[in-house]
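S.K.: Provided below: run.tsv, containing TSV, C-alpha atoms.
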chain	number	residue	atom	x	y	z
A	1	VAL	CA	20.15	18.76	28.88
A	2	GLN	CA	21.28	22.13	30.21
A	3	LEU	CA	18.97	25.07	30.53
A	4	GLN	CA	20.59	28.44	29.78
A	5	ALA	CA	19.78	31.11	32.35
A	6	SER	CA	20.77	34.73	31.76
A	7	GLY	CA	19.93	38.31	32.64
A	8	GLY	CA	21.18	38.72	36.17
A	9	GLY	CA	23.20	41.66	37.38
A	10	LEU	CA	23.58	44.47	39.88
A	11	VAL	CA	20.64	46.83	40.29
A	12	GLN	CA	19.64	49.49	42.78
A	13	PRO	CA	16.62	49.03	45.05
A	14	GLY	CA	13.46	49.75	43.10
A	15	GLY	CA	15.08	48.76	39.84
A	16	SER	CA	14.20	46.04	37.36
A	17	LEU	CA	15.82	43.07	35.67
A	18	ARG	CA	14.63	40.52	33.16
A	19	LEU	CA	15.83	36.94	33.49
A	20	SER	CA	15.60	34.45	30.66
A	21	CYS	CA	15.73	30.67	30.62
A	22	ALA	CA	16.27	28.98	27.27
A	23	ALA	CA	15.50	25.32	26.78
A	24	PRO	CA	15.57	22.91	23.85
A	25	GLU	CA	12.23	23.07	22.08
A	26	ARG	CA	11.42	19.41	22.82
A	27	VAL	CA	11.86	20.11	26.55
A	28	PHE	CA	10.17	23.49	26.55
A	29	ARG	CA	7.04	22.24	24.81
A	30	VAL	CA	6.16	19.59	27.42
A	31	SER	CA	7.52	21.13	30.62
A	32	ASN	CA	6.39	23.25	33.50
A	33	VAL	CA	9.16	25.79	34.06
A	34	GLY	CA	9.96	27.44	37.32
A	35	TRP	CA	12.33	30.04	38.67
A	36	TYR	CA	13.89	29.43	42.06
A	37	ARG	CA	16.39	31.44	44.07
A	38	GLN	CA	18.95	30.76	46.74
A	39	ALA	CA	20.53	33.37	48.95
A	40	PRO	CA	23.70	32.63	50.96
A	41	GLY	CA	22.86	30.53	53.99
A	42	ASN	CA	19.31	29.91	52.82
A	43	GLU	CA	17.58	27.02	51.15
A	44	ARG	CA	16.54	27.22	47.53
A	45	GLU	CA	13.01	28.58	47.29
A	46	LEU	CA	10.38	28.82	44.61
A	47	VAL	CA	9.81	32.21	43.02
A	48	ALA	CA	7.32	31.45	40.22
A	49	ILE	CA	6.18	28.65	37.94
A	50	ILE	CA	4.50	28.66	34.55
A	51	THR	CA	2.92	25.48	33.26
A	52	ASN	CA	3.21	24.21	29.70
A	53	GLU	CA	-0.32	25.59	29.23
A	54	GLY	CA	0.58	29.03	30.54
A	55	ARG	CA	-0.88	28.93	34.03
A	56	THR	CA	1.20	30.74	36.62
A	57	VAL	CA	1.91	30.39	40.32
A	58	TYR	CA	3.88	32.90	42.39
A	59	ALA	CA	5.48	32.89	45.80
A	60	ASP	CA	3.99	35.50	48.10
A	61	SER	CA	7.24	37.47	47.93
A	62	ALA	CA	6.92	37.69	44.14
A	63	LYS	CA	3.26	38.59	43.79
A	64	GLY	CA	2.69	42.02	42.32
A	65	ARG	CA	6.36	42.58	41.52
A	66	PHE	CA	7.52	39.68	39.34
A	67	THR	CA	5.99	38.32	36.15
A	68	ILE	CA	6.77	34.96	34.58
A	69	SER	CA	5.99	34.36	30.92
A	70	ARG	CA	6.65	31.92	28.09
A	71	ASP	CA	8.00	32.86	24.67
A	72	THR	CA	7.04	29.89	22.54
A	73	ALA	CA	8.85	31.14	19.45
A	74	LYS	CA	12.15	31.24	21.34
A	75	SER	CA	11.52	28.28	23.70
A	76	THR	CA	12.26	30.67	26.54
A	77	VAL	CA	10.72	31.44	29.90
A	78	ASN	CA	11.24	34.96	31.15
A	79	LEU	CA	11.02	36.37	34.65
A	80	GLN	CA	10.50	40.11	34.85
A	81	LEU	CA	11.68	41.45	38.19
A	82	ASN	CA	10.32	44.87	39.15
A	83	SER	CA	10.51	46.94	42.34
A	84	LEU	CA	13.53	44.94	43.45
A	85	LYS	CA	14.51	44.90	47.10
A	86	PRO	CA	17.83	44.02	48.77
A	87	GLU	CA	16.23	40.83	50.07
A	88	ASP	CA	15.74	39.69	46.47
A	89	THR	CA	19.51	39.27	46.22
A	90	ALA	CA	20.21	35.64	45.36
A	91	VAL	CA	21.30	33.26	42.66
A	92	TYR	CA	18.28	32.58	40.46
A	93	TYR	CA	17.88	29.16	38.85
A	94	CYS	CA	15.42	27.92	36.29
A	95	ASN	CA	14.01	24.41	36.32
A	96	ALA	CA	12.01	22.46	33.77
A	97	VAL	CA	9.98	19.38	34.64
A	98	SER	CA	8.17	17.30	32.06
A	99	VAL	CA	4.41	17.09	32.56
A	100	TYR	CA	4.60	13.44	31.42
A	101	ASP	CA	7.53	12.24	33.54
A	102	LEU	CA	8.63	13.96	36.75
A	103	ALA	CA	11.98	12.26	36.40
A	104	GLU	CA	12.70	14.40	33.35
A	105	ALA	CA	13.83	17.48	35.24
A	106	TYR	CA	16.55	19.91	34.27
A	107	TRP	CA	18.25	22.90	35.88
A	108	GLY	CA	19.98	25.94	34.54
A	109	GLN	CA	23.36	27.09	35.80
A	110	GLY	CA	22.05	30.02	37.87
A	111	THR	CA	22.32	33.75	37.40
A	112	GLN	CA	23.25	36.21	40.15
A	113	VAL	CA	20.88	39.02	41.04
A	114	THR	CA	22.27	41.62	43.42
A	115	VAL	CA	20.11	44.47	44.67
A	116	SER	CA	22.18	47.11	46.38
A	117	SER	CA	22.67	50.84	46.48
What would the structure in this file look like if it were written as structure tokens?

M.R.:
Amino acid sequence: VQLQASGGGLVQPGGSLRLSCAAPERVFRVSNVGWYRQAPGNERELVAIITNEGRTVYADSAKGRFTISRDTAKSTVNLQLNSLKPEDTAVYYCNAVSVYDLAEAYWGQGTQVTVSS
């Protein structure tokens, strides 16, 4: 199963982007979905997670600027990125983990976000 991540791009500091992660409905319905990011030379880090019931958790760096949400009709999890900073530059990955079996975990291919003037 491959998650489809999209929405990255080049944006100026202070700008916004909206990332989307599409999953098969059977995966989406029973999974907690998270967005992670990895900058060059850094480890992959959590940005935000939304549970299958809609509860959200954010990294400190994302609080107040990023919003994660689920679109049940489209089996998609979106990550709205506002007030972007150069340090937000990274490849963003989405991840889905089944709430019934942690071994059922899937990753998207990554989408590049570059914040630069």

S.K.: Between CA of Phe66 (chain A) and CA of Val47 (chain A), what is the spacing in Å?

M.R.: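 Computing it gives 8.6 Å between the two atoms.
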
S.K.: If you count all atoms listed in the file, which residues fall within 10 Å of region 24-37 of chain A, apart from same-chain ones fewer than 6 positions away, as a PyMOL selection string?

M.R.: chain A and resi 1-5+43-59+68-79+88-102+104-108+110-113

S.K.: Give me, please, the distance in Å between CA of Ser61 (chain A) and CA of Ala22 (chain A), quoted to one decimal.

M.R.: 24.1 Å

S.K.: How many Å lie between CA of Cys21 (chain A) and CA of Gln38 (chain A), rounded to one decimal?

M.R.: 16.4 Å

S.K.: Choose the residue, out of A:Ser117, A:Ser6, A:Gln12, A:Ser83, that has the smallest atom-to-atom separation from Ala62 (chain A); count only C-alpha atoms.

M.R.: A:Ser83

S.K.: Write out as a PyMOL selection string which residues come within 12 Å of Val115 (chain A) when counting only C-alpha atoms, dropping same-chain ones fewer than 5 positions away.

M.R.: chain A and resi 8-17+39+81-91
